[in-house]
Amino acid sequence: MGHLERWAKPFKGFGDGLARLTSAVYGALGTPGRLLQDLMNGSFLGHSLHGMLTDAVVGAVTALLLLDIAAVFFGADVETAALIVLGLGALSAWGAALAGLTDHKDVDPGDARNVATLHGLVNLTATILYTVAFFVRLAGAVPAARWISLAGFILIAGGSFIGGHLVYKWGVMVNHNASTRARRAKEFTAVLPAAELPDGKPTKAMLGSTALVLVRRGDVVQALQGTCSHAGGPLWDGTLTDGAIVCPWHASTFRLADGAVRHGPAGARLACDTARINEGQVEVQGPLD
């Protein structure tokens, strides 16, 4: 266990409770909640919205720090620009907090979620400080606002480091299929006897080392990469709904026709194969992308 994991362990109870609460709130909102969750996960982008918003935050607060240095040490008249940049940074930080909270509920319990909780608390504290600094600065107390912003910058730097740890060590909100590219079958290749593929039940098959999920409707077979891109969940244990398959782990939903994400938290689509039944065998060719 690394240092961050040890520091984050006391936050386990809080983080798990927060994840349950967030899930309950989104669930209570019904369809609008699901659409809001998809927006906050960044499913429409193909990757996390949280990462994009944090870029805006870090850029804004770094620019603010440089403007304040220019004002304090060189007498530059940059107050209007500083106030605009501070407002942008605070607003982006609140957006990043909401997106991060949405991602947090689907981080697996344990060390990864504990670290994600620590990351969120550090950045939320910084977000509050920058918001306070904006209104203090707006009231004309510029020196006090600068000190508050400096404290916020130190926290943002620490929170960003923890965020990098989440991505690069724990693989949070990255495509879990990226490093295991689906094998491509140039010719139709048998992967399963047709008699072993029941109608309407997701079924696992292997194309070499690549796991596939097959779904049969009569003589029509659809085939997708078998592991969820969000956290590697086994889609052959998932459920079918309206031309899509739902991951059993975090309910990411993929269209069977092309592997596109219908609902998050997944952002990356799945490789999609052409499939057919030929001479008593299920054969695949692809993927199409």
# chains A, B, ... in the order shown; residues from 1 in each chain; ligands from 1
>>> select_by_dssp(residues="stretch 147-260 of chain A", states="strand (DSSP E)", output="MDAnalysis selection string")
chainID A and resid 185:193 203:207 210:217 220:225 239:241 244:246 253:255
>>> select_by_dssp(residues="stretch 102-286 of chain A", states="alpha helix (DSSP H)", output="ChimeraX atom specification")
/A:102-104,111-138,142-168
>>> write_last_selection(atoms="C-alpha atoms", output="tab-separated table (two decimals), in the first residue's frame")
chain	number	residue	atom	x	y	z
A	102	THR	CA	-20.55	11.54	-10.58
A	103	ASP	CA	-17.43	9.57	-11.54
A	104	HIS	CA	-16.69	8.85	-7.88
A	111	ASP	CA	-8.09	1.83	-2.14
A	112	ALA	CA	-9.09	3.41	-5.46
A	113	ARG	CA	-12.30	4.90	-4.07
A	114	ASN	CA	-10.55	6.00	-0.87
A	115	VAL	CA	-7.97	7.91	-2.91
A	116	ALA	CA	-10.74	9.32	-5.11
A	117	THR	CA	-12.50	10.56	-1.97
A	118	LEU	CA	-9.31	12.26	-0.73
A	119	HIS	CA	-8.83	13.79	-4.19
A	120	GLY	CA	-12.36	15.15	-4.15
A	121	LEU	CA	-12.15	16.61	-0.64
A	122	VAL	CA	-8.87	18.40	-1.36
A	123	ASN	CA	-10.19	19.88	-4.59
A	124	LEU	CA	-13.56	20.79	-3.05
A	125	THR	CA	-11.75	22.73	-0.32
A	126	ALA	CA	-9.75	24.56	-3.01
A	127	THR	CA	-12.96	25.27	-4.94
A	128	ILE	CA	-14.54	26.84	-1.86
A	129	LEU	CA	-11.43	28.95	-1.27
A	130	TYR	CA	-11.43	30.25	-4.84
A	131	THR	CA	-15.13	31.05	-4.62
A	132	VAL	CA	-14.56	32.99	-1.39
A	133	ALA	CA	-11.57	34.74	-2.97
A	134	PHE	CA	-13.72	35.85	-5.92
A	135	PHE	CA	-16.29	37.58	-3.71
A	136	VAL	CA	-13.60	39.03	-1.42
A	137	ARG	CA	-11.81	40.39	-4.46
A	138	LEU	CA	-15.06	41.73	-5.89
A	142	VAL	CA	-7.50	42.37	-3.09
A	143	PRO	CA	-4.55	41.55	-0.77
A	144	ALA	CA	-6.69	39.17	1.33
A	145	ALA	CA	-8.10	37.57	-1.81
A	146	ARG	CA	-4.58	36.94	-3.10
A	147	TRP	CA	-3.63	35.01	0.04
A	148	ILE	CA	-6.83	32.96	-0.14
A	149	SER	CA	-6.15	32.20	-3.81
A	150	LEU	CA	-2.58	31.17	-3.02
A	151	ALA	CA	-3.87	28.66	-0.45
A	152	GLY	CA	-6.31	27.40	-3.07
A	153	PHE	CA	-3.51	27.01	-5.61
A	154	ILE	CA	-1.46	24.87	-3.22
A	155	LEU	CA	-4.47	22.61	-2.66
A	156	ILE	CA	-5.27	22.41	-6.39
A	157	ALA	CA	-1.67	21.36	-7.06
A	158	GLY	CA	-1.94	18.62	-4.44
A	159	GLY	CA	-5.36	17.54	-5.68
A	160	SER	CA	-4.06	17.36	-9.25
A	161	PHE	CA	-1.22	15.11	-8.13
A	162	ILE	CA	-3.72	12.79	-6.44
A	163	GLY	CA	-5.86	12.85	-9.58
A	164	GLY	CA	-2.89	11.76	-11.66
A	165	HIS	CA	-2.34	8.90	-9.22
A	166	LEU	CA	-5.95	7.80	-9.75
A	167	VAL	CA	-5.58	7.77	-13.52
A	168	TYR	CA	-2.09	6.35	-13.92
>>> atom_distance(atom1="atom CA of A:Phe73", atom2="atom CA of A:Ala93")
27.6 Å
>>> closest_residue(among="A:Leu39, A:Glu196, A:Arg20, A:Val191", to="A:Ser209", atoms="only C-alpha atoms")
A:Val191
>>> atom_distance(atom1="atom CA of A:Gly140", atom2="atom CA of A:Leu86")
13.9 Å
>>> atom_distance(atom1="atom CA of A:Gln281", atom2="atom CA of A:Pro202")
16.5 Å
>>> residues_around(residues="stretch 233-242 of chain A", least_positions_apart="4", cutoff="10 Å", atoms="only C-alpha atoms", output="VMD selection string")
chain A and resid 176 200 to 205 211 to 215 224 to 229 246 to 256
>>> residues_around(residues="A:Ser48", least_positions_apart="2", cutoff="10 Å", atoms="only C-alpha atoms", output="list in words")
Leu39, Met40, Asn41, Gly42, Ser43, Phe44, Leu45, Gly46, His50, Gly51, Met52, Leu53, Ala99, Gly100, Asp103, Val172, Met173, Val174, Gly264, Pro265, Ala266, Gly267 and Ala268 of chain A
>>> closest_residue(among="A:Ile277, A:Leu36, A:Leu64, A:Ala231", to="A:Trp170", atoms="only C-alpha atoms")
A:Ala231
>>> closest_residue(among="A:Arg217, A:Val261, A:Ala90, A:Glu187", to="A:Asp273", atoms="only C-alpha atoms")
A:Glu187
>>> closest_residue(among="A:Leu83, A:Gly110, A:Ala63, A:Asp55", to="A:Ala139", atoms="only C-alpha atoms")
A:Leu83
>>> residues_around(residues="stretch 22-24 of chain A", least_positions_apart="2", cutoff="8 Å", atoms="only C-alpha atoms", output="list in words")
Leu18, Ala19, Arg20, Tyr26, Gly27, Ala28, Leu101, Thr102 and Lys105 of chain A
>>> write_last_selection(atoms="C-alpha atoms", output="short mmCIF file (atom, residue, chain, number, x, y, z; two decimals), in the first residue's frame")
data_model
loop_
_atom_site.label_atom_id
_atom_site.label_comp_id
_atom_site.auth_asym_id
_atom_site.auth_seq_id
_atom_site.Cartn_x
_atom_site.Cartn_y
_atom_site.Cartn_z
CA LEU A 18 -21.16 9.41 -0.46
CA ALA A 19 -21.16 7.00 -3.41
CA ARG A 20 -24.39 5.41 -2.18
CA TYR A 26 -29.43 10.08 -9.58
CA GLY A 27 -31.76 7.09 -9.31
CA ALA A 28 -34.51 9.18 -7.71
CA LEU A 101 -18.69 13.37 -7.81
CA THR A 102 -20.55 11.54 -10.58
CA LYS A 105 -19.82 6.76 -7.33
#
>>> residues_around(residues="A:Cys272", least_positions_apart="2", cutoff="10 Å", atoms="only C-alpha atoms", output="PyMOL selection string")
chain A and resi 182+212-213+222-226+255-260+269-270+274-275+284-289
>>> decode(residues="stretch 200-222 of chain A", atoms="N, CA and C atoms", output="short mmCIF file (atom, residue, chain, number, x, y, z; two decimals), in the first residue's frame")
data_model
loop_
_atom_site.label_atom_id
_atom_site.label_comp_id
_atom_site.auth_asym_id
_atom_site.auth_seq_id
_atom_site.Cartn_x
_atom_site.Cartn_y
_atom_site.Cartn_z
N GLY A 200 -31.35 -14.86 -27.14
CA GLY A 200 -31.65 -13.80 -26.19
C GLY A 200 -30.84 -13.81 -24.92
N LYS A 201 -29.73 -14.52 -24.87
CA LYS A 201 -28.89 -14.55 -23.67
C LYS A 201 -27.46 -14.21 -24.04
N PRO A 202 -26.90 -13.13 -23.45
CA PRO A 202 -25.50 -12.80 -23.74
C PRO A 202 -24.59 -13.98 -23.40
N THR A 203 -23.69 -14.28 -24.31
CA THR A 203 -22.84 -15.47 -24.16
C THR A 203 -21.40 -15.13 -24.50
N LYS A 204 -20.48 -15.66 -23.71
CA LYS A 204 -19.06 -15.41 -23.93
C LYS A 204 -18.51 -16.33 -25.01
N ALA A 205 -17.64 -15.77 -25.85
CA ALA A 205 -16.88 -16.56 -26.82
C ALA A 205 -15.48 -15.97 -26.90
N MET A 206 -14.53 -16.74 -27.39
CA MET A 206 -13.16 -16.27 -27.49
C MET A 206 -12.71 -16.29 -28.94
N LEU A 207 -12.10 -15.19 -29.37
CA LEU A 207 -11.43 -15.12 -30.67
C LEU A 207 -9.95 -14.98 -30.36
N GLY A 208 -9.24 -16.09 -30.29
CA GLY A 208 -7.87 -16.06 -29.79
C GLY A 208 -7.90 -15.65 -28.32
N SER A 209 -7.19 -14.58 -27.98
CA SER A 209 -7.17 -14.10 -26.60
C SER A 209 -8.20 -13.01 -26.35
N THR A 210 -9.00 -12.67 -27.36
CA THR A 210 -9.98 -11.60 -27.24
C THR A 210 -11.33 -12.16 -26.82
N ALA A 211 -11.86 -11.68 -25.70
CA ALA A 211 -13.18 -12.10 -25.23
C ALA A 211 -14.25 -11.34 -26.00
N LEU A 212 -15.26 -12.06 -26.45
CA LEU A 212 -16.40 -11.47 -27.15
C LEU A 212 -17.67 -11.76 -26.37
N VAL A 213 -18.68 -10.93 -26.58
CA VAL A 213 -20.01 -11.24 -26.11
C VAL A 213 -20.90 -11.38 -27.34
N LEU A 214 -21.61 -12.50 -27.41
CA LEU A 214 -22.49 -12.79 -28.54
C LEU A 214 -23.94 -12.71 -28.08
N VAL A 215 -24.79 -12.15 -28.93
CA VAL A 215 -26.22 -12.09 -28.65
C VAL A 215 -26.96 -12.59 -29.89
N ARG A 216 -27.80 -13.61 -29.67
CA ARG A 216 -28.52 -14.22 -30.79
C ARG A 216 -30.01 -13.87 -30.74
N ARG A 217 -30.53 -13.48 -31.88
CA ARG A 217 -31.97 -13.30 -32.05
C ARG A 217 -32.37 -14.11 -33.28
N GLY A 218 -32.85 -15.32 -33.08
CA GLY A 218 -33.14 -16.18 -34.22
C GLY A 218 -31.87 -16.55 -34.94
N ASP A 219 -31.81 -16.23 -36.23
CA ASP A 219 -30.61 -16.52 -37.02
C ASP A 219 -29.66 -15.32 -37.07
N VAL A 220 -30.02 -14.23 -36.41
CA VAL A 220 -29.18 -13.03 -36.40
C VAL A 220 -28.31 -13.03 -35.14
N VAL A 221 -27.00 -12.85 -35.33
CA VAL A 221 -26.07 -12.82 -34.20
C VAL A 221 -25.31 -11.50 -34.23
N GLN A 222 -25.20 -10.89 -33.07
CA GLN A 222 -24.40 -9.66 -32.94
C GLN A 222 -23.25 -9.94 -32.00
#
